[in-house]
>>> print(open('target05.tsv').read())   # TSV, C-alpha atoms
chain	number	residue	atom	x	y	z
J	1	MET	CA	-36.83	-4.84	-8.08
J	2	ALA	CA	-33.28	-6.19	-8.45
J	3	ASP	CA	-33.00	-4.67	-11.94
J	4	LYS	CA	-33.87	-1.21	-10.68
J	5	GLN	CA	-31.23	-1.52	-7.95
J	6	THR	CA	-28.63	-2.75	-10.44
J	7	LEU	CA	-29.37	0.34	-12.50
J	8	GLN	CA	-28.99	2.50	-9.42
J	9	ILE	CA	-25.64	1.00	-8.35
J	10	ASP	CA	-24.39	1.25	-11.96
J	11	LYS	CA	-25.28	4.93	-11.95
J	12	LEU	CA	-23.45	5.48	-8.66
J	13	LEU	CA	-20.35	3.61	-9.85
J	14	GLN	CA	-20.39	5.55	-13.11
J	15	THR	CA	-20.40	8.76	-11.03
J	16	VAL	CA	-17.37	7.50	-9.08
J	17	VAL	CA	-15.51	6.83	-12.35
J	18	ASN	CA	-16.58	10.13	-13.99
J	19	GLN	CA	-15.57	12.24	-11.00
J	20	ASN	CA	-12.38	10.27	-10.41
J	21	ALA	CA	-13.38	9.62	-6.79
J	22	SER	CA	-11.39	7.12	-4.73
J	23	ASP	CA	-14.29	5.76	-2.63
J	24	LEU	CA	-18.07	5.55	-2.41
J	25	HIS	CA	-19.73	5.34	1.02
J	26	ILE	CA	-23.28	4.03	1.41
J	27	ALA	CA	-25.05	4.32	4.78
J	28	SER	CA	-28.69	4.79	5.74
J	29	GLY	CA	-29.84	8.23	6.85
J	30	GLN	CA	-27.82	10.21	4.28
J	31	PRO	CA	-27.21	10.36	0.52
J	32	PRO	CA	-24.32	8.37	-0.99
J	33	VAL	CA	-20.94	10.03	-0.25
J	34	LEU	CA	-17.85	10.25	-2.51
J	35	ARG	CA	-14.26	10.73	-1.40
J	36	LEU	CA	-12.76	13.28	-3.80
J	37	SER	CA	-9.10	14.33	-3.41
J	38	GLY	CA	-9.22	13.06	0.17
J	39	LYS	CA	-12.40	14.99	1.13
J	40	LEU	CA	-15.89	13.51	1.67
J	41	VAL	CA	-18.61	14.98	-0.57
J	42	LYS	CA	-22.33	14.10	-0.30
J	43	LEU	CA	-24.15	13.52	-3.59
J	44	GLU	CA	-27.15	15.75	-4.11
J	45	THR	CA	-29.71	12.96	-4.13
J	46	LYS	CA	-32.23	11.67	-1.61
J	47	SER	CA	-31.19	10.13	1.70
J	48	LEU	CA	-30.90	6.33	1.66
J	49	GLU	CA	-33.32	4.26	3.75
J	50	PRO	CA	-32.14	1.02	5.44
J	51	ASP	CA	-34.02	-0.96	2.72
J	52	ASP	CA	-32.16	0.91	-0.05
J	53	CYS	CA	-28.84	-0.12	1.49
J	54	VAL	CA	-29.93	-3.77	1.67
J	55	SER	CA	-31.03	-3.80	-2.00
J	56	LEU	CA	-27.84	-2.07	-3.14
J	57	MET	CA	-25.82	-4.61	-1.16
J	58	LYS	CA	-27.70	-7.56	-2.67
J	59	SER	CA	-27.24	-6.26	-6.21
J	60	ILE	CA	-23.42	-6.53	-6.00
J	61	THR	CA	-22.58	-9.03	-3.21
J	62	PRO	CA	-21.87	-12.68	-4.13
J	63	GLU	CA	-23.89	-15.35	-2.28
J	64	ARG	CA	-20.82	-16.56	-0.38
J	65	ASN	CA	-20.20	-13.05	0.97
J	66	GLN	CA	-23.86	-12.46	1.89
J	67	GLN	CA	-23.57	-15.58	4.04
J	68	GLU	CA	-20.35	-14.30	5.67
J	69	LEU	CA	-22.08	-10.97	6.35
J	70	GLN	CA	-24.86	-12.81	8.22
J	71	GLU	CA	-22.44	-14.98	10.20
J	72	ARG	CA	-19.68	-12.48	10.96
J	73	GLY	CA	-21.26	-9.06	10.54
J	74	GLY	CA	-18.96	-8.08	7.66
J	75	THR	CA	-17.38	-9.23	4.40
J	76	ASP	CA	-14.93	-8.04	1.70
J	77	PHE	CA	-14.77	-8.82	-2.01
J	78	GLY	CA	-13.74	-7.33	-5.33
J	79	PHE	CA	-15.69	-7.03	-8.59
J	80	ALA	CA	-15.24	-5.59	-12.06
J	81	PHE	CA	-17.36	-2.68	-13.28
J	82	GLY	CA	-17.32	-3.31	-17.02
J	83	GLU	CA	-14.01	-2.43	-18.64
J	84	LYS	CA	-13.84	0.83	-16.73
J	85	SER	CA	-12.72	-0.10	-13.22
J	86	ARG	CA	-12.60	-2.66	-10.48
J	87	PHE	CA	-13.94	-2.05	-7.00
J	88	ARG	CA	-12.88	-3.44	-3.65
J	89	VAL	CA	-15.96	-3.64	-1.46
J	90	SER	CA	-16.41	-3.80	2.30
J	91	VAL	CA	-19.95	-4.58	3.49
J	92	PHE	CA	-20.69	-4.40	7.22
J	93	LYS	CA	-23.44	-3.97	9.78
J	94	GLN	CA	-23.73	-0.80	11.82
J	95	ARG	CA	-26.56	-0.14	14.31
J	96	GLY	CA	-28.20	-3.22	12.82
J	97	HIS	CA	-28.28	-1.71	9.33
J	98	ILE	CA	-26.09	-2.32	6.28
J	99	GLY	CA	-23.15	-0.04	5.45
J	100	ILE	CA	-21.03	-0.33	2.29
J	101	VAL	CA	-17.71	1.20	1.28
J	102	LEU	CA	-16.47	0.74	-2.29
J	103	ARG	CA	-12.86	1.61	-3.16
J	104	ARG	CA	-12.15	2.24	-6.85
J	105	ILE	CA	-9.15	0.42	-8.29
J	106	PRO	CA	-8.14	2.06	-11.56
J	107	SER	CA	-7.80	-0.34	-14.47
J	108	GLU	CA	-4.63	1.24	-15.86
J	109	PHE	CA	-1.22	0.86	-14.23
J	110	LEU	CA	0.71	4.00	-13.36
J	111	THR	CA	4.41	4.36	-14.16
J	112	PHE	CA	7.06	4.95	-11.48
J	113	GLU	CA	7.34	8.53	-12.74
J	114	GLN	CA	3.59	9.15	-12.42
J	115	LEU	CA	3.65	7.77	-8.88
J	116	GLY	CA	6.83	9.68	-8.03
J	117	LEU	CA	8.47	6.47	-6.74
J	118	PRO	CA	12.15	6.82	-5.78
J	119	PRO	CA	14.28	5.89	-8.86
J	120	VAL	CA	16.28	3.29	-6.86
J	121	VAL	CA	13.12	1.10	-6.69
J	122	ARG	CA	13.76	0.11	-10.30
J	123	ASP	CA	17.17	-1.37	-9.32
J	124	LEU	CA	15.84	-3.11	-6.20
J	125	ILE	CA	13.06	-4.99	-7.98
J	126	MET	CA	15.51	-6.36	-10.55
J	127	ARG	CA	17.49	-8.11	-7.79
J	128	PRO	CA	17.24	-11.93	-7.91
J	129	ARG	CA	16.20	-12.33	-4.28
J	130	GLY	CA	15.34	-10.48	-1.10
J	131	LEU	CA	12.44	-8.92	0.79
J	132	ILE	CA	11.00	-5.56	-0.30
J	133	LEU	CA	8.42	-4.02	2.05
J	134	VAL	CA	5.93	-1.34	1.05
J	135	THR	CA	4.46	0.23	4.17
J	136	GLY	CA	2.10	2.98	5.25
J	137	PRO	CA	-1.40	3.56	6.63
J	138	THR	CA	-4.53	2.15	4.96
J	139	GLY	CA	-5.42	3.99	1.76
J	140	CYS	CA	-1.94	5.45	1.13
J	141	GLY	CA	-1.53	3.68	-2.22
J	142	LYS	CA	0.56	0.63	-1.26
J	143	THR	CA	-1.47	-1.64	-3.57
J	144	THR	CA	-1.04	0.82	-6.46
J	145	SER	CA	2.74	1.04	-5.96
J	146	LEU	CA	3.05	-2.76	-5.82
J	147	ALA	CA	0.86	-3.21	-8.91
J	148	SER	CA	3.10	-0.76	-10.74
J	149	MET	CA	6.22	-2.74	-9.73
J	150	ILE	CA	4.69	-6.07	-10.79
J	151	ASN	CA	3.61	-4.50	-14.09
J	152	TYR	CA	7.16	-3.17	-14.66
J	153	LEU	CA	8.59	-6.67	-14.13
J	154	ASN	CA	5.90	-8.07	-16.44
J	155	ASP	CA	7.08	-5.68	-19.19
J	156	THR	CA	10.80	-6.25	-18.58
J	157	VAL	CA	11.74	-9.80	-17.50
J	158	ASP	CA	10.50	-13.38	-17.86
J	159	HIS	CA	9.57	-14.36	-14.30
J	160	HIS	CA	6.93	-16.54	-12.70
J	161	ILE	CA	5.09	-14.21	-10.33
J	162	ILE	CA	2.65	-15.50	-7.71
J	163	THR	CA	0.50	-13.01	-5.80
J	164	MET	CA	-1.55	-13.73	-2.67
J	165	GLU	CA	-4.17	-11.06	-2.16
J	166	ASP	CA	-7.22	-10.42	0.00
J	167	PRO	CA	-9.08	-9.52	-2.18
J	168	ILE	CA	-7.39	-9.30	-5.63
J	169	GLU	CA	-7.41	-5.66	-6.70
J	170	TYR	CA	-5.43	-5.01	-9.88
J	171	TYR	CA	-5.73	-7.79	-12.47
J	172	HIS	CA	-2.49	-8.61	-14.33
J	173	LYS	CA	-2.34	-10.16	-17.79
J	174	HIS	CA	0.53	-12.51	-18.72
J	175	LYS	CA	3.04	-10.46	-20.73
J	176	LEU	CA	6.72	-11.46	-20.46
J	177	CYS	CA	5.92	-12.95	-17.05
J	178	THR	CA	3.54	-15.73	-16.11
J	179	ILE	CA	1.39	-14.27	-13.32
J	180	ASN	CA	-0.82	-16.36	-11.03
J	181	GLN	CA	-3.01	-14.37	-8.64
J	182	ARG	CA	-4.50	-16.27	-5.70
J	183	GLU	CA	-7.32	-14.77	-3.67
J	184	ILE	CA	-7.40	-15.58	0.04
J	185	GLY	CA	-10.76	-17.13	0.96
J	186	VAL	CA	-11.54	-18.02	-2.67
J	187	ASP	CA	-8.51	-19.84	-4.13
J	188	VAL	CA	-6.71	-20.65	-0.87
J	189	PRO	CA	-7.86	-20.42	2.77
J	190	SER	CA	-5.11	-18.28	4.34
J	191	PHE	CA	-1.82	-16.43	3.78
J	192	PRO	CA	0.36	-19.04	5.61
J	193	GLU	CA	-1.25	-21.84	3.57
J	194	ALA	CA	-0.77	-19.88	0.33
J	195	LEU	CA	2.91	-19.26	1.11
J	196	LYS	CA	3.54	-22.90	1.99
J	197	ARG	CA	2.02	-24.11	-1.30
J	198	CYS	CA	3.69	-21.36	-3.27
J	199	MET	CA	7.19	-22.71	-2.64
J	200	ARG	CA	6.35	-25.79	-4.74
J	201	MET	CA	5.14	-23.73	-7.67
J	202	ASP	CA	8.55	-22.65	-9.01
J	203	PRO	CA	8.09	-18.91	-8.31
J	204	ASP	CA	10.67	-16.18	-9.03
J	205	VAL	CA	8.63	-13.40	-7.42
J	206	ILE	CA	6.09	-13.69	-4.60
J	207	LEU	CA	3.73	-10.94	-3.50
J	208	VAL	CA	2.19	-11.33	-0.05
J	209	GLY	CA	-0.75	-8.93	0.23
J	210	GLU	CA	-0.34	-8.46	3.96
J	211	MET	CA	2.02	-9.79	6.63
J	212	ARG	CA	-0.60	-10.21	9.36
J	213	ASP	CA	0.88	-12.81	11.70
J	214	LEU	CA	4.03	-14.53	12.88
J	215	GLU	CA	3.62	-17.50	10.54
J	216	THR	CA	3.25	-15.34	7.43
J	217	ILE	CA	6.17	-13.06	8.38
J	218	GLN	CA	8.41	-16.06	9.07
J	219	ALA	CA	7.47	-17.70	5.75
J	220	ALA	CA	8.03	-14.47	3.78
J	221	ILE	CA	11.50	-13.97	5.30
J	222	THR	CA	12.44	-17.59	4.61
J	223	ALA	CA	11.21	-17.33	1.00
J	224	ALA	CA	13.37	-14.21	0.51
J	225	GLU	CA	16.40	-16.01	1.98
J	226	THR	CA	15.96	-19.06	-0.25
J	227	GLY	CA	16.34	-17.19	-3.51
J	228	HIS	CA	13.03	-15.49	-4.26
J	229	LEU	CA	12.12	-11.84	-4.61
J	230	VAL	CA	9.33	-11.23	-2.07
J	231	PHE	CA	7.09	-8.14	-1.89
J	232	ALA	CA	4.93	-7.58	1.19
J	233	THR	CA	3.06	-4.79	2.97
J	234	LEU	CA	2.77	-3.58	6.57
J	235	HIS	CA	0.86	-0.72	8.21
J	236	THR	CA	3.94	1.09	9.54
J	237	SER	CA	4.92	4.68	8.75
J	238	SER	CA	8.73	4.53	8.74
J	239	ALA	CA	11.60	2.15	7.94
J	240	GLU	CA	12.67	2.05	11.59
J	241	GLY	CA	9.10	1.32	12.74
J	242	THR	CA	8.81	-1.47	10.16
J	243	ILE	CA	11.90	-3.31	11.41
J	244	ASN	CA	10.69	-3.01	15.03
J	245	ARG	CA	7.18	-4.17	14.17
J	246	ILE	CA	8.47	-7.34	12.46
J	247	ILE	CA	10.81	-8.23	15.34
J	248	ASP	CA	8.16	-7.50	17.99
J	249	VAL	CA	5.76	-10.05	16.50
J	250	PHE	CA	8.12	-12.84	17.63
J	251	PRO	CA	8.55	-14.21	21.18
J	252	THR	CA	11.60	-12.75	22.96
J	253	ASN	CA	13.63	-15.96	22.72
J	254	GLN	CA	13.33	-15.94	18.90
J	255	GLN	CA	14.01	-12.25	18.32
J	256	GLU	CA	17.77	-12.48	17.98
J	257	GLN	CA	17.51	-15.21	15.36
J	258	ILE	CA	14.85	-13.25	13.42
J	259	ARG	CA	17.05	-10.14	13.51
J	260	THR	CA	19.86	-12.12	11.89
J	261	GLN	CA	17.51	-13.64	9.28
J	262	LEU	CA	15.87	-10.30	8.52
J	263	SER	CA	19.24	-8.54	8.16
J	264	THR	CA	20.23	-10.91	5.34
J	265	ALA	CA	16.79	-11.13	3.70
J	266	ILE	CA	15.63	-7.51	3.57
J	267	ILE	CA	16.82	-5.34	0.67
J	268	GLY	CA	14.55	-2.30	0.86
J	269	ILE	CA	11.66	-0.57	2.64
J	270	ILE	CA	9.41	2.02	0.99
J	271	SER	CA	7.13	3.85	3.46
J	272	GLN	CA	4.55	6.04	1.81
J	273	ALA	CA	2.02	8.71	2.71
J	274	LEU	CA	-0.69	10.19	0.50
J	275	LEU	CA	-1.47	13.92	0.74
J	276	PRO	CA	-3.92	16.38	-0.81
J	277	ARG	CA	-2.21	18.14	-3.72
J	278	LYS	CA	-2.81	21.82	-4.50
J	279	PRO	CA	-5.22	22.77	-6.07
J	280	LYS	CA	-6.76	19.30	-6.33
J	281	GLY	CA	-5.80	15.66	-6.53
J	282	LEU	CA	-3.33	13.65	-4.45
J	283	VAL	CA	0.42	13.28	-4.26
J	284	ALA	CA	2.58	10.66	-2.52
J	285	ALA	CA	5.63	11.16	-0.31
J	286	TYR	CA	8.09	8.29	0.16
J	287	GLU	CA	10.64	7.25	2.74
J	288	MET	CA	13.22	5.00	1.06
J	289	LEU	CA	15.57	2.66	2.89
J	290	VAL	CA	18.09	0.71	0.81
J	291	VAL	CA	19.71	-2.01	2.92
J	292	THR	CA	23.50	-1.62	2.78
J	293	PRO	CA	25.92	-3.85	4.77
J	294	ALA	CA	26.05	-1.10	7.43
J	295	ILE	CA	22.26	-1.03	7.77
J	296	ALA	CA	22.09	-4.84	7.83
J	297	ASN	CA	24.45	-4.62	10.84
J	298	LEU	CA	22.12	-2.16	12.60
J	299	VAL	CA	19.22	-4.60	12.13
J	300	ARG	CA	21.31	-7.52	13.39
J	301	GLU	CA	22.63	-5.62	16.41
J	302	ASN	CA	19.24	-4.26	17.50
J	303	LYS	CA	20.23	-0.65	16.74
J	304	SER	CA	17.26	0.26	14.57
J	305	TYR	CA	17.06	3.68	16.30
J	306	ARG	CA	20.12	4.61	14.19
J	307	ILE	CA	18.33	3.85	10.90
J	308	PRO	CA	16.90	7.38	10.35
J	309	SER	CA	20.34	9.02	10.52
J	310	SER	CA	21.73	6.31	8.19
J	311	ILE	CA	18.96	7.13	5.69
J	312	GLN	CA	19.86	10.82	5.95
J	313	THR	CA	23.51	10.16	5.12
J	314	GLY	CA	22.62	7.54	2.48
J	315	LYS	CA	21.33	9.89	-0.22
J	316	LYS	CA	23.99	8.63	-2.63
J	317	TYR	CA	22.32	5.18	-2.44
J	318	GLY	CA	18.92	6.69	-3.31
J	319	MET	CA	17.66	6.89	0.29
J	320	GLN	CA	15.42	9.57	1.76
J	321	LEU	CA	13.49	10.21	4.97
J	322	LEU	CA	9.73	10.67	4.77
J	323	ASP	CA	9.99	14.08	6.47
J	324	ASP	CA	12.50	15.29	3.88
J	325	ALA	CA	10.17	14.13	1.09
J	326	LEU	CA	7.28	15.97	2.80
J	327	PHE	CA	9.39	19.11	3.21
J	328	ASN	CA	10.23	19.05	-0.51
J	329	LEU	CA	6.52	18.77	-1.41
J	330	TRP	CA	5.88	21.91	0.64
J	331	LYS	CA	8.96	23.69	-0.76
J	332	SER	CA	7.85	23.03	-4.34
J	333	GLY	CA	4.38	24.37	-3.55
J	334	LEU	CA	2.52	21.09	-4.03
J	335	CYS	CA	1.16	20.68	-0.47
J	336	GLU	CA	-0.13	22.80	2.41
J	337	GLU	CA	1.98	23.10	5.54
J	338	ARG	CA	-0.70	21.55	7.79
J	339	ASP	CA	-0.96	18.46	5.56
J	340	ILE	CA	2.77	17.73	5.63
J	341	ILE	CA	2.92	18.22	9.42
J	342	PHE	CA	-0.05	15.84	9.79
J	343	ARG	CA	1.75	13.05	7.86
J	344	SER	CA	5.16	13.66	9.44
J	345	ASN	CA	7.05	11.13	11.61
J	346	ASN	CA	8.73	13.97	13.58
J	347	PRO	CA	6.28	16.92	13.50
J	348	GLY	CA	8.33	18.99	15.98
J	349	GLU	CA	11.53	18.81	13.93
J	350	LEU	CA	9.67	19.41	10.67
J	351	ARG	CA	7.97	22.53	12.11
J	352	THR	CA	11.37	23.95	13.09
J	353	LYS	CA	12.74	23.21	9.60
J	354	LEU	CA	9.71	24.96	8.03
J	355	GLN	CA	10.15	28.04	10.25
J	356	ARG	CA	13.85	28.23	9.31
J	357	ALA	CA	12.99	27.84	5.62
J	358	LYS	CA	10.44	30.66	5.83
J	359	ALA	CA	13.14	32.81	7.41
J	360	GLY	CA	15.33	32.00	4.42
J	361	VAL	CA	17.58	29.49	6.18
J	362	PHE	CA	17.77	26.15	4.36
J	363	ASP	CA	19.58	23.30	6.12
J	364	GLU	CA	21.85	22.03	3.37
J	365	ASP	CA	23.08	18.49	3.83
J	366	PRO	CA	26.76	17.88	3.16
J	367	GLU	CA	25.55	14.90	1.08
J	368	ASP	CA	23.57	17.11	-1.29
J	369	GLU	CA	26.43	18.17	-3.56
J	370	GLU	CA	27.57	14.58	-3.81
J	371	SER	CA	24.11	13.24	-4.58
J	372	ASP	CA	23.66	15.83	-7.33
J	373	GLU	CA	26.76	14.52	-9.06
J	374	MET	CA	25.47	10.94	-8.74
J	375	LYS	CA	22.32	11.75	-10.70
>>> encode(input="target05.tsv", output="structure tokens")
Amino acid sequence: MADKQTLQIDKLLQTVVNQNASDLHIASGQPPVLRLSGKLVKLETKSLEPDDCVSLMKSITPERNQQELQERGGTDFGFAFGEKSRFRVSVFKQRGHIGIVLRRIPSEFLTFEQLGLPPVVRDLIMRPRGLILVTGPTGCGKTTSLASMINYLNDTVDHHIITMEDPIEYYHKHKLCTINQREIGVDVPSFPEALKRCMRMDPDVILVGEMRDLETIQAAITAAETGHLVFATLHTSSAEGTINRIIDVFPTNQQEQIRTQLSTAIIGIISQALLPRKPKGLVAAYEMLVVTPAIANLVRENKSYRIPSSIQTGKKYGMQLLDDALFNLWKSGLCEERDIIFRSNNPGELRTKLQRAKAGVFDEDPEDEESDEMK
């Protein structure tokens, strides 16, 4: 029985790889579903019964995770599908039955150019210390951007890189760097514990998969202050929102101190959104904040509401607002209007800008001429 199911899951995963889908959804009462270029597409096969879902789950889920599923109603893990791809898997119960979502993690790393990352990222990640945050909603490609940055360092400098991930997605080989990847729940119990131990392991670069709680955020900021380059992710959609989210995690009486610490530790924030690309595929838009002394002051003085206008006037430092990046995707014909409005941080303002552009009026920034010369 198990062999037949293994064959069936292999066939499904092969379909995911062949069609370049990002996810595979398995739920009883319908056929397996692929996510292709952001849209859900049902496979033309028979509907899955609850028993099919259980057998498919058992054919890929490690014993430890099957136990967690029973105790907690859900579990996450990663596994390799031959040489072709890795998958991040979420298994859960719904209406008493098993549901599974598998996210494909490509085995090859993409370059900054392929991802369309702002060029200034290359300078930021070569800095000897500081906190770089990659933010955005779930499934916007944060992991892929970070993997690309780690891979660039691995090709360029001799660093000791420690990653803490839940679960590990991209696997890195030692090239110029020595890279140790620790999986939360397998190699180490929690993010705070991993960070505490990490400081004794002579790291140059630390990647914290997710800053989930006060303890982790505090430890990441301290690590960045004490001479390490720290990468971390948050589920925020703008640079301003990211600063506020970090500060708000702390009790009021600690917020001023954290503002001061954060203003010296943070060197950049990349907020990204993933959009359907015309005619098919996906494209990313990025907001880029580079922390200058002036912006560090805004963080320290609790004036984060002034960050967006500082980004707008900071083009010469490589900064850009998410909405400007979205507008440019529309202007160059890569994305539909409704998709860029949907991802926007200020939909009202962006709509006005689009209407003006359609009427032939483009709002030119005074910075534009200057930034063209900088390039």
>>> atom_distance(input="target05.tsv", atom1="CA of Thr236 in chain J", atom2="CA of Ala147 in chain J")
19.2 Å
>>> closest_residue(input="target05.tsv", among="J:Arg338, J:Arg259, J:Lys175, J:Lys11", to="Glu301 in chain J", atoms="only C-alpha atoms")
J:Arg259
>>> atom_distance(input="target05.tsv", atom1="CA of Glu210 in chain J", atom2="CA of Leu262 in chain J")
16.9 Å
>>> closest_atom_pairs(input="target05.tsv", of="range 173-249 of chain J", to="range 73-79 of chain J", cutoff="12 Å", atoms="only C-alpha atoms", output="tab-separated table")
residue	atom	partner	partner_atom	distance
J:Glu183	CA	J:Phe77	CA	9.7
J:Ile184	CA	J:Phe77	CA	10.2
J:Gly185	CA	J:Phe77	CA	9.7
J:Val186	CA	J:Phe77	CA	9.8
>>> closest_residue(input="target05.tsv", among="J:Gly227, J:Gly268, J:Pro137, J:Gly318", to="Ala296 in chain J", atoms="only C-alpha atoms")
J:Gly268
>>> build_atoms(input="target05.tsv", residues="range 90-104 of chain J", atoms="N, CA, C and O atoms", output="JSON list (two decimals), keeping the file's coordinate frame")
[["chain", "number", "residue", "atom", "x", "y", "z"],
["J", 90, "SER", "N", -16.28, -3.35, 0.91],
["J", 90, "SER", "CA", -16.41, -3.80, 2.30],
["J", 90, "SER", "C", -17.87, -3.58, 2.70],
["J", 90, "SER", "O", -18.38, -2.46, 2.63],
["J", 91, "VAL", "N", -18.55, -4.67, 3.04],
["J", 91, "VAL", "CA", -19.95, -4.58, 3.49],
["J", 91, "VAL", "C", -19.97, -4.93, 4.97],
["J", 91, "VAL", "O", -19.30, -5.87, 5.40],
["J", 92, "PHE", "N", -20.71, -4.16, 5.77],
["J", 92, "PHE", "CA", -20.69, -4.40, 7.22],
["J", 92, "PHE", "C", -22.03, -3.98, 7.82],
["J", 92, "PHE", "O", -22.84, -3.31, 7.18],
["J", 93, "LYS", "N", -22.24, -4.40, 9.07],
["J", 93, "LYS", "CA", -23.44, -3.97, 9.78],
["J", 93, "LYS", "C", -23.07, -2.85, 10.74],
["J", 93, "LYS", "O", -22.01, -2.88, 11.37],
["J", 94, "GLN", "N", -23.93, -1.84, 10.81],
["J", 94, "GLN", "CA", -23.73, -0.80, 11.82],
["J", 94, "GLN", "C", -25.11, -0.39, 12.34],
["J", 94, "GLN", "O", -26.03, -0.17, 11.55],
["J", 95, "ARG", "N", -25.25, -0.38, 13.66],
["J", 95, "ARG", "CA", -26.56, -0.14, 14.31],
["J", 95, "ARG", "C", -27.64, -1.04, 13.72],
["J", 95, "ARG", "O", -28.78, -0.62, 13.53],
["J", 96, "GLY", "N", -27.23, -2.26, 13.35],
["J", 96, "GLY", "CA", -28.20, -3.22, 12.82],
["J", 96, "GLY", "C", -28.53, -3.04, 11.35],
["J", 96, "GLY", "O", -29.26, -3.82, 10.78],
["J", 97, "HIS", "N", -28.03, -1.94, 10.76],
["J", 97, "HIS", "CA", -28.28, -1.71, 9.33],
["J", 97, "HIS", "C", -27.03, -2.04, 8.52],
["J", 97, "HIS", "O", -25.96, -2.26, 9.06],
["J", 98, "ILE", "N", -27.21, -2.00, 7.19],
["J", 98, "ILE", "CA", -26.09, -2.32, 6.28],
["J", 98, "ILE", "C", -25.33, -1.04, 5.91],
["J", 98, "ILE", "O", -25.94, -0.02, 5.58],
["J", 99, "GLY", "N", -24.00, -1.12, 5.97],
["J", 99, "GLY", "CA", -23.15, -0.04, 5.45],
["J", 99, "GLY", "C", -22.25, -0.63, 4.38],
["J", 99, "GLY", "O", -21.89, -1.81, 4.45],
["J", 100, "ILE", "N", -21.90, 0.17, 3.37],
["J", 100, "ILE", "CA", -21.03, -0.33, 2.29],
["J", 100, "ILE", "C", -19.98, 0.73, 1.97],
["J", 100, "ILE", "O", -20.31, 1.92, 1.89],
["J", 101, "VAL", "N", -18.74, 0.30, 1.80],
["J", 101, "VAL", "CA", -17.71, 1.20, 1.28],
["J", 101, "VAL", "C", -17.08, 0.55, 0.06],
["J", 101, "VAL", "O", -16.64, -0.60, 0.13],
["J", 102, "LEU", "N", -17.07, 1.26, -1.06],
["J", 102, "LEU", "CA", -16.47, 0.74, -2.29],
["J", 102, "LEU", "C", -15.25, 1.58, -2.64],
["J", 102, "LEU", "O", -15.35, 2.80, -2.76],
["J", 103, "ARG", "N", -14.10, 0.92, -2.78],
["J", 103, "ARG", "CA", -12.86, 1.61, -3.16],
["J", 103, "ARG", "C", -12.59, 1.34, -4.64],
["J", 103, "ARG", "O", -12.58, 0.19, -5.07],
["J", 104, "ARG", "N", -12.39, 2.41, -5.41],
["J", 104, "ARG", "CA", -12.15, 2.24, -6.85],
["J", 104, "ARG", "C", -10.69, 1.85, -7.10],
["J", 104, "ARG", "O", -9.78, 2.45, -6.54]]
